[in-house]
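Data file: my_file-v8.tsv. Format and content: TSV, C-alpha atoms.
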chain	number	residue	atom	x	y	z
A	1	MET	CA	9.37	8.51	3.43
A	2	ASP	CA	8.67	7.70	-0.17
A	3	SER	CA	5.95	10.04	-1.40
A	4	ASN	CA	4.71	7.30	-3.72
A	5	ARG	CA	3.29	5.62	-0.65
A	6	ASP	CA	0.86	8.50	-0.06
A	7	ILE	CA	-2.82	7.96	-0.76
A	8	PRO	CA	-3.47	9.90	-3.98
A	9	VAL	CA	-6.02	12.72	-3.91
A	10	TYR	CA	-8.28	12.98	-6.94
A	11	SER	CA	-9.58	16.41	-7.95
A	12	LEU	CA	-12.28	17.63	-10.31
A	13	GLY	CA	-10.05	20.49	-11.41
A	14	GLU	CA	-12.23	23.22	-12.89
A	15	LYS	CA	-15.27	20.96	-13.22
A	16	LEU	CA	-18.21	21.48	-10.91
A	17	PHE	CA	-20.01	18.21	-11.66
A	18	ASP	CA	-19.56	14.93	-13.49
A	19	ILE	CA	-21.56	11.73	-13.88
A	20	ARG	CA	-20.50	8.47	-15.53
A	21	ARG	CA	-21.25	4.79	-15.68
A	22	LEU	CA	-18.89	2.86	-13.44
A	23	ARG	CA	-17.62	0.73	-16.32
A	24	ASP	CA	-16.15	3.91	-17.83
A	25	CYS	CA	-14.17	4.75	-14.68
A	26	ARG	CA	-11.93	1.71	-14.21
A	27	ALA	CA	-8.61	3.55	-14.51
A	28	VAL	CA	-9.43	6.04	-11.76
A	29	MET	CA	-11.84	4.22	-9.46
A	30	PHE	CA	-9.90	0.99	-9.08
A	31	ASP	CA	-6.34	2.17	-8.49
A	32	GLY	CA	-6.06	1.18	-4.81
A	33	HIS	CA	-6.91	3.52	-1.97
A	34	HIS	CA	-7.58	7.09	-3.02
A	35	ARG	CA	-9.13	10.25	-1.62
A	36	HIS	CA	-11.41	12.88	-3.15
A	37	ASP	CA	-11.56	16.64	-2.79
A	38	PHE	CA	-15.22	16.45	-3.87
A	39	PHE	CA	-18.53	14.81	-2.94
A	40	GLU	CA	-19.24	11.42	-4.48
A	41	ILE	CA	-22.35	9.26	-4.92
A	42	LEU	CA	-22.03	5.59	-5.94
A	43	TRP	CA	-25.12	3.72	-7.09
A	44	PHE	CA	-24.67	0.00	-7.69
A	45	THR	CA	-27.29	-1.50	-10.02
A	46	ALA	CA	-26.18	-5.15	-9.82
A	47	SER	CA	-24.95	-7.35	-6.97
A	48	SER	CA	-21.44	-8.74	-6.68
A	49	ASP	CA	-19.43	-10.85	-4.24
A	50	ASP	CA	-16.76	-8.12	-4.31
A	51	VAL	CA	-16.53	-5.29	-1.81
A	52	HIS	CA	-15.47	-1.67	-1.75
A	53	TYR	CA	-13.90	0.23	1.13
A	54	ILE	CA	-14.88	3.54	2.68
A	55	ASP	CA	-12.33	4.77	5.20
A	56	PHE	CA	-10.80	1.27	5.20
A	57	GLN	CA	-14.04	-0.49	6.20
A	58	PRO	CA	-15.53	-3.03	3.75
A	59	TYR	CA	-19.03	-2.46	2.35
A	60	ALA	CA	-21.15	-4.66	0.12
A	61	VAL	CA	-21.66	-4.13	-3.60
A	62	GLY	CA	-25.37	-4.83	-3.91
A	63	ASN	CA	-28.12	-4.08	-6.38
A	64	GLY	CA	-29.85	-0.85	-5.40
A	65	MET	CA	-27.23	0.25	-2.86
A	66	ILE	CA	-26.24	3.92	-2.88
A	67	TYR	CA	-23.20	5.19	-0.97
A	68	LEU	CA	-22.47	8.86	-0.34
A	69	MET	CA	-18.99	10.16	0.50
A	70	ALA	CA	-17.77	13.55	1.65
A	71	PRO	CA	-14.48	15.20	0.63
A	72	GLY	CA	-11.46	13.71	2.37
A	73	GLN	CA	-12.80	10.19	2.81
A	74	VAL	CA	-10.62	7.29	1.64
A	75	HIS	CA	-12.09	4.92	-0.93
A	76	ALA	CA	-11.04	1.74	-2.71
A	77	PHE	CA	-12.51	-1.08	-4.79
A	78	ASP	CA	-11.43	-4.70	-4.57
A	79	GLY	CA	-12.61	-6.81	-7.47
A	80	GLU	CA	-14.23	-6.47	-10.87
A	81	THR	CA	-15.91	-3.33	-12.19
A	82	PRO	CA	-19.48	-3.30	-10.85
A	83	GLU	CA	-22.54	-2.10	-12.75
A	84	GLY	CA	-23.82	1.31	-11.77
A	85	TYR	CA	-23.17	5.03	-11.76
A	86	VAL	CA	-20.87	7.52	-10.09
A	87	MET	CA	-21.80	11.17	-9.55
A	88	VAL	CA	-19.21	13.65	-8.29
A	89	PHE	CA	-19.50	17.36	-7.57
A	90	SER	CA	-17.43	20.14	-6.06
A	91	LEU	CA	-17.88	22.02	-2.81
A	92	ASP	CA	-19.13	25.03	-4.78
A	93	PHE	CA	-21.73	22.91	-6.58
A	94	PHE	CA	-22.87	21.36	-3.29
A	95	GLY	CA	-23.19	24.83	-1.81
A	96	GLU	CA	-25.79	25.64	-4.46
A	97	VAL	CA	-27.62	22.34	-3.96
A	98	LEU	CA	-27.34	22.43	-0.17
A	99	ASP	CA	-30.42	21.83	1.89
A	100	GLU	CA	-30.40	21.12	5.63
A	101	LYS	CA	-31.96	17.75	4.81
A	102	PHE	CA	-28.79	16.68	2.97
A	103	ARG	CA	-26.27	17.23	5.80
A	104	LEU	CA	-26.46	13.73	7.26
A	105	LEU	CA	-26.52	12.04	3.85
A	106	PHE	CA	-22.84	12.96	3.47
A	107	ASN	CA	-21.83	12.42	7.09
A	108	PRO	CA	-18.51	10.51	7.24
A	109	PHE	CA	-19.60	8.82	10.49
A	110	LEU	CA	-22.59	7.18	8.78
A	111	ASN	CA	-21.39	5.27	5.72
A	112	ASP	CA	-24.03	2.55	5.43
A	113	ALA	CA	-25.81	2.32	2.09
A	114	VAL	CA	-29.13	3.87	1.23
A	115	GLU	CA	-31.05	0.89	-0.13
A	116	VAL	CA	-33.30	1.61	-3.09
A	117	PRO	CA	-36.37	-0.65	-3.38
A	118	GLU	CA	-37.48	-1.69	-6.85
A	119	GLU	CA	-40.52	0.61	-6.80
A	120	ALA	CA	-38.31	3.66	-6.16
A	121	SER	CA	-35.57	2.89	-8.67
A	122	ALA	CA	-37.49	4.06	-11.76
A	123	VAL	CA	-37.55	7.70	-10.63
A	124	LEU	CA	-33.87	7.66	-9.68
A	125	ARG	CA	-32.89	6.02	-12.96
A	126	ARG	CA	-34.82	8.65	-14.90
A	127	LEU	CA	-33.00	11.42	-13.02
A	128	VAL	CA	-29.64	9.74	-13.67
A	129	GLU	CA	-30.39	9.41	-17.38
A	130	LEU	CA	-31.35	13.09	-17.52
A	131	MET	CA	-28.09	14.02	-15.79
A	132	LEU	CA	-26.10	11.86	-18.22
A	133	LEU	CA	-27.76	13.57	-21.18
A	134	GLU	CA	-27.18	17.06	-19.82
A	135	ASN	CA	-23.60	16.20	-18.86
A	136	ALA	CA	-22.89	15.04	-22.42
A	137	GLY	CA	-24.55	18.13	-23.90
A	138	ARG	CA	-24.83	21.71	-22.75
A	139	ARG	CA	-23.99	21.04	-19.06
A	140	ASP	CA	-26.31	23.82	-17.96
A	141	ARG	CA	-25.47	24.54	-14.33
A	142	ALA	CA	-28.99	25.43	-13.20
A	143	ILE	CA	-30.45	22.31	-14.80
A	144	MET	CA	-27.80	20.04	-13.28
A	145	ILE	CA	-28.40	21.57	-9.85
A	146	SER	CA	-32.14	20.95	-10.21
A	147	TYR	CA	-31.62	17.31	-11.19
A	148	MET	CA	-29.16	16.67	-8.36
A	149	LYS	CA	-31.39	18.32	-5.79
A	150	ALA	CA	-34.29	16.13	-6.94
A	151	PHE	CA	-32.06	13.04	-6.72
A	152	LEU	CA	-30.96	13.87	-3.16
A	153	LEU	CA	-34.52	14.62	-2.07
A	154	GLN	CA	-35.48	11.15	-3.26
A	155	LEU	CA	-32.68	9.70	-1.10
A	156	VAL	CA	-33.91	11.67	1.92
A	157	ARG	CA	-37.32	10.09	1.37
A	158	LEU	CA	-35.74	6.62	1.30
A	159	LYS	CA	-33.41	7.09	4.25
A	160	LYS	CA	-34.88	5.30	7.25
A	161	GLY	CA	-34.27	5.53	10.98
A	162	ALA	CA	-34.20	8.07	13.76
A	163	ALA	CA	-30.63	9.10	12.96
A	164	PHE	CA	-31.84	11.01	9.93
A	165	SER	CA	-34.87	12.69	11.47
A	166	LEU	CA	-34.63	16.48	11.35
A	167	ASP	CA	-35.89	17.19	14.88
A	168	GLN	CA	-33.83	19.10	17.43
A	169	GLY	CA	-31.87	15.97	18.33
A	170	GLY	CA	-30.99	15.37	14.69
A	171	GLU	CA	-29.81	18.97	14.36
A	172	ARG	CA	-27.62	18.56	17.43
A	173	ILE	CA	-26.08	15.40	15.96
A	174	GLY	CA	-25.08	17.37	12.87
A	175	ASN	CA	-23.59	20.14	15.02
A	176	LEU	CA	-21.78	17.57	17.17
A	177	PHE	CA	-20.08	16.05	14.14
A	178	ASP	CA	-18.89	19.51	13.08
A	179	LEU	CA	-17.39	20.01	16.55
A	180	LEU	CA	-15.78	16.57	16.51
A	181	GLU	CA	-14.05	17.26	13.21
A	182	GLU	CA	-12.53	20.42	14.66
A	183	HIS	CA	-11.53	19.19	18.13
A	184	PHE	CA	-11.25	15.37	18.27
A	185	ARG	CA	-7.43	15.44	18.47
A	186	THR	CA	-7.37	17.53	21.63
A	187	GLU	CA	-10.75	17.10	23.33
A	188	ARG	CA	-11.90	13.67	24.55
A	189	ARG	CA	-14.32	14.84	27.28
A	190	THR	CA	-18.05	14.39	26.79
A	191	GLY	CA	-18.60	17.47	28.95
A	192	TYR	CA	-16.74	19.70	26.50
A	193	TYR	CA	-19.00	18.78	23.57
A	194	ALA	CA	-22.15	18.84	25.70
A	195	ALA	CA	-21.32	22.35	26.90
A	196	ARG	CA	-20.69	23.55	23.35
A	197	LEU	CA	-24.12	22.20	22.38
A	198	GLY	CA	-25.78	23.76	25.42
A	199	ILE	CA	-26.94	20.50	26.99
A	200	SER	CA	-25.80	18.16	29.77
A	201	SER	CA	-23.46	15.21	29.19
A	202	LYS	CA	-26.29	12.87	30.18
A	203	ARG	CA	-28.65	14.40	27.62
A	204	LEU	CA	-26.01	14.26	24.88
A	205	ASN	CA	-25.48	10.54	25.41
A	206	GLU	CA	-29.26	10.01	25.54
A	207	ILE	CA	-29.58	11.64	22.10
A	208	LEU	CA	-26.69	9.56	20.71
A	209	LYS	CA	-28.21	6.38	22.10
A	210	GLU	CA	-31.57	7.24	20.55
A	211	LYS	CA	-30.25	8.34	17.16
A	212	LEU	CA	-27.20	6.13	16.63
A	213	GLY	CA	-27.27	3.48	19.34
A	214	THR	CA	-23.88	4.49	20.68
A	215	THR	CA	-22.05	6.87	23.03
A	216	LEU	CA	-19.80	9.85	22.46
A	217	THR	CA	-16.81	7.90	23.78
A	218	ARG	CA	-17.30	5.25	21.10
A	219	ILE	CA	-17.72	7.90	18.41
A	220	LEU	CA	-14.53	9.66	19.54
A	221	HIS	CA	-12.62	6.38	19.57
A	222	GLY	CA	-13.88	5.62	16.07
A	223	ARG	CA	-12.82	9.05	14.80
A	224	LEU	CA	-9.35	8.66	16.33
A	225	VAL	CA	-8.94	5.23	14.75
A	226	LEU	CA	-10.05	6.59	11.38
A	227	GLU	CA	-7.52	9.41	11.50
A	228	ALA	CA	-4.83	6.99	12.68
A	229	LYS	CA	-5.58	4.73	9.70
A	230	ARG	CA	-5.37	7.65	7.30
A	231	GLU	CA	-2.03	8.76	8.76
A	232	ILE	CA	-0.62	5.23	8.83
A	233	ALA	CA	-1.69	4.60	5.24
A	234	HIS	CA	-0.07	7.86	4.10
A	235	GLY	CA	3.31	6.49	5.11
A	236	ARG	CA	4.98	9.88	5.71
A	237	ARG	CA	5.06	9.81	9.53
A	238	ASN	CA	6.42	7.12	11.79
A	239	MET	CA	4.25	5.63	14.54
A	240	LYS	CA	5.67	7.86	17.25
A	241	GLU	CA	4.86	10.99	15.27
A	242	ILE	CA	1.34	9.75	14.55
A	243	ALA	CA	0.78	8.98	18.23
A	244	PHE	CA	1.78	12.50	19.29
A	245	GLU	CA	-0.21	14.09	16.46
A	246	LEU	CA	-3.34	12.36	17.77
A	247	GLY	CA	-2.76	13.37	21.37
A	248	PHE	CA	-1.37	10.13	22.83
A	249	SER	CA	1.31	10.43	25.49
A	250	ASP	CA	3.53	7.73	23.97
A	251	GLN	CA	3.72	5.27	21.09
A	252	ALA	CA	3.08	2.20	23.25
A	253	TYR	CA	-0.22	3.63	24.52
A	254	PHE	CA	-1.24	4.49	20.96
A	255	SER	CA	-0.38	0.98	19.71
A	256	ARG	CA	-2.41	-0.65	22.50
A	257	PHE	CA	-5.37	1.63	21.78
A	258	PHE	CA	-5.22	0.90	18.04
A	259	LYS	CA	-5.05	-2.87	18.54
A	260	VAL	CA	-7.95	-2.88	21.03
A	261	GLN	CA	-10.10	-0.92	18.57
A	262	THR	CA	-9.14	-2.76	15.37
A	263	GLY	CA	-7.75	-6.16	16.36
A	264	ILE	CA	-4.41	-5.57	14.62
A	265	THR	CA	-1.29	-3.53	15.31
A	266	PRO	CA	-0.58	-0.25	13.50
A	267	GLU	CA	2.37	-1.91	11.75
A	268	SER	CA	0.17	-4.76	10.47
A	269	PHE	CA	-2.40	-2.29	9.22
A	270	ARG	CA	0.28	-0.35	7.33
A	271	SER	CA	1.56	-3.55	5.67
A	272	LYS	CA	-1.96	-4.60	4.70
A	273	THR	CA	-2.77	-1.18	3.23
A	274	LEU	CA	0.47	-0.94	1.27
A	275	ALA	CA	-0.14	-4.40	-0.17
A	276	MET	CA	-3.55	-3.29	-1.46
A	277	GLN	CA	-2.04	-0.17	-3.02
A	278	SER	CA	0.66	-2.16	-4.82
A	279	PRO	CA	0.03	-3.20	-8.44
A	280	GLY	CA	-0.99	-6.79	-8.99
A	281	THR	CA	-2.21	-7.43	-5.44
A	282	ARG	CA	-5.93	-7.44	-6.18
Now, as a test, write the supplied structure out as structure tokens.
Amino acid sequence: MDSNRDIPVYSLGEKLFDIRRLRDCRAVMFDGHHRHDFFEILWFTASSDDVHYIDFQPYAVGNGMIYLMAPGQVHAFDGETPEGYVMVFSLDFFGEVLDEKFRLLFNPFLNDAVEVPEEASAVLRRLVELMLLENAGRRDRAIMISYMKAFLLQLVRLKKGAAFSLDQGGERIGNLFDLLEEHFRTERRTGYYAARLGISSKRLNEILKEKLGTTLTRILHGRLVLEAKREIAHGRRNMKEIAFELGFSDQAYFSRFFKVQTGITPESFRSKTLAMQSPGTR
């Protein structure tokens, strides 16, 4: 397969942290689907009819919406350059900022925006301006870590809903997602994950229903579809190879599963994705 069809991976290189206004990032941020080897925060400060895509799903570009992405997620814009900011930082930087409260902020299963009300935006804007100044000046690591930690703590305060609560159930959700990332290709049984977490299958699904309004089967199906989309969009493997890589017994079964979950065939998805990656299609 033509390697030019791969989704490009953007890297920070030797940088630990960077922050910019979105209007200064057109060349990188708007070049079709791309992946990051770093954490990314997008804060839109004006609304638009355009959308952006996280792992191939469309999300609104709205005033006060903040999106947080983990390394490896696929991202794309479709439309004009929005107003706002982008903050990116390396795994090493995140390790120094890391607080247990931040784990679910960057969870790739939960990509909905954090919505910033007007009364909370002043503090976040001040922190962003301080980061911009430091980034353009001495780039002191300790100071940048302090500003970013304060920014993320503000987002924790804004994040609503039981899914983000840091009780025992919330901790188990975080541990479950770690297990899913490691084993979703080979393990589809609720009992396996429940046993690894030290609880019953019934209790695991009760926690998921309470926190996320879903079941483990639906989460597993969603993770399989996401990985299938990433593999299909890469273009290096044919459908049969992708099916076997994801643990399906044959290509026909994989194609039926993909269409039931997404409404389109794997081949149609590949054509749609390649069209978006081609110059002049947006």
Go through segment 122-203 of chain A residue by residue and, counting all atoms listed in the file, keep those with an atom at most 12 Å from segment 85-102 of chain A; for each kept residue give the shortest atom pair and its distance in Å to one decimal, ordered by chain and increasing number, as a tab-separated table.
residue	atom	partner	partner_atom	distance
A:Leu124	CA	A:Tyr85	CA	11.2
A:Arg125	CA	A:Tyr85	CA	9.8
A:Leu127	CA	A:Met87	CA	11.7
A:Val128	CA	A:Tyr85	CA	8.2
A:Glu129	CA	A:Tyr85	CA	10.1
A:Met131	CA	A:Met87	CA	9.3
A:Leu132	CA	A:Met87	CA	9.7
A:Asn135	CA	A:Met87	CA	10.7
A:Arg141	CA	A:Phe93	CA	8.8
A:Ala142	CA	A:Glu96	CA	9.3
A:Ile143	CA	A:Val97	CA	11.2
A:Met144	CA	A:Phe93	CA	9.5
A:Ile145	CA	A:Val97	CA	6.0
A:Ser146	CA	A:Val97	CA	7.8
A:Tyr147	CA	A:Val97	CA	9.7
A:Met148	CA	A:Val97	CA	7.3
A:Lys149	CA	A:Val97	CA	5.8
A:Ala150	CA	A:Val97	CA	9.6
A:Phe151	CA	A:Val97	CA	10.7
A:Leu152	CA	A:Phe102	CA	7.1
A:Leu153	CA	A:Phe102	CA	7.9
A:Gln154	CA	A:Phe102	CA	10.7
A:Leu155	CA	A:Phe102	CA	9.0
A:Val156	CA	A:Lys101	CA	7.0
A:Arg157	CA	A:Lys101	CA	10.0
A:Lys159	CA	A:Phe102	CA	10.7
A:Ala163	CA	A:Lys101	CA	12.0
A:Phe164	CA	A:Lys101	CA	8.5
A:Ser165	CA	A:Lys101	CA	8.9
A:Leu166	CA	A:Lys101	CA	7.2
A:Asp167	CA	A:Lys101	CA	10.8
A:Gly170	CA	A:Lys101	CA	10.2
A:Glu171	CA	A:Glu100	CA	9.0
A:Gly174	CA	A:Glu100	CA	9.7
A:Asn175	CA	A:Glu100	CA	11.6
Length of the atom CA of Ala228 of chain A to atom CA of Tyr10 of chain A vector [Å]: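 Computing it gives 20.8 Å between the two atoms.
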Quick one: residues within 10 Å of segment 112-119 of chain A, only C-alpha atoms, excluding same-chain residues fewer than 6 positions away - as a PyMOL selection string? chain A and resi 42-45+54+59-68+105+154-156+158-160
To one decimal place in Å, what is the distance between atom CA of Phe254 of chain A and atom CA of Phe177 of chain A? 23.1 Å
What is the atom CA of Val9 of chain A to atom CA of His36 of chain A distance in Å? 5.4 Å
Need the shell around segment 180-195 of chain A: protein/DNA/RNA residues with any atom at most 7 Å away, counting all atoms listed in the file. Skip same-chain ones fewer than 3 positions apart. Format as number ranges by chain? A: 176-177, 198-201, 204, 216, 220, 246-247
Would you please work out which residue, of A:Arg23, A:Arg138, A:Lys229, A:His234, is nearest to Gly84 of chain A when using all atoms listed in the file?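 Of the candidates, the smallest distance to Gly84 of chain A is held by A:Arg23.
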Residue nearest Phe244 of chain A - candidates A:Glu231, A:Glu83, A:Asp50, A:Asp18, atoms counted: only C-alpha atoms: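 Selected residue with least distance to Phe244 of chain A: A:Glu231.
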Might I get the box with edges along x, y and z of the file that holds all atoms of segment 48-59 of chain A listed there, padded by 5 Å on every side, given as centre and edge lengths in Å to one decimal, as JSON?
{"center_x": -16.1, "center_y": -3.0, "center_z": -0.2, "size_x": 20.6, "size_y": 25.6, "size_z": 22.9}
With only C-alpha atoms as the counted atoms, please give the residues lying no more than 10 Å from Gly79 of chain A, apart from itself and same-chain residues fewer than 2 positions off, as a PyMOL selection string. chain A and resi 30+48-52+76-77+81-82+282
Nearest candidate to Pro108 of chain A (options A:Leu12, A:Ile219, A:Ala136, A:Leu197; using all atoms listed in the file): A:Ile219
Out of A:Arg230, A:Phe17, A:Glu210, A:Ser11, which residue has the shortest atom-to-atom distance to Gln73 of chain A when counting all atoms listed in the file?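 The closest residue to Gln73 of chain A is A:Arg230.
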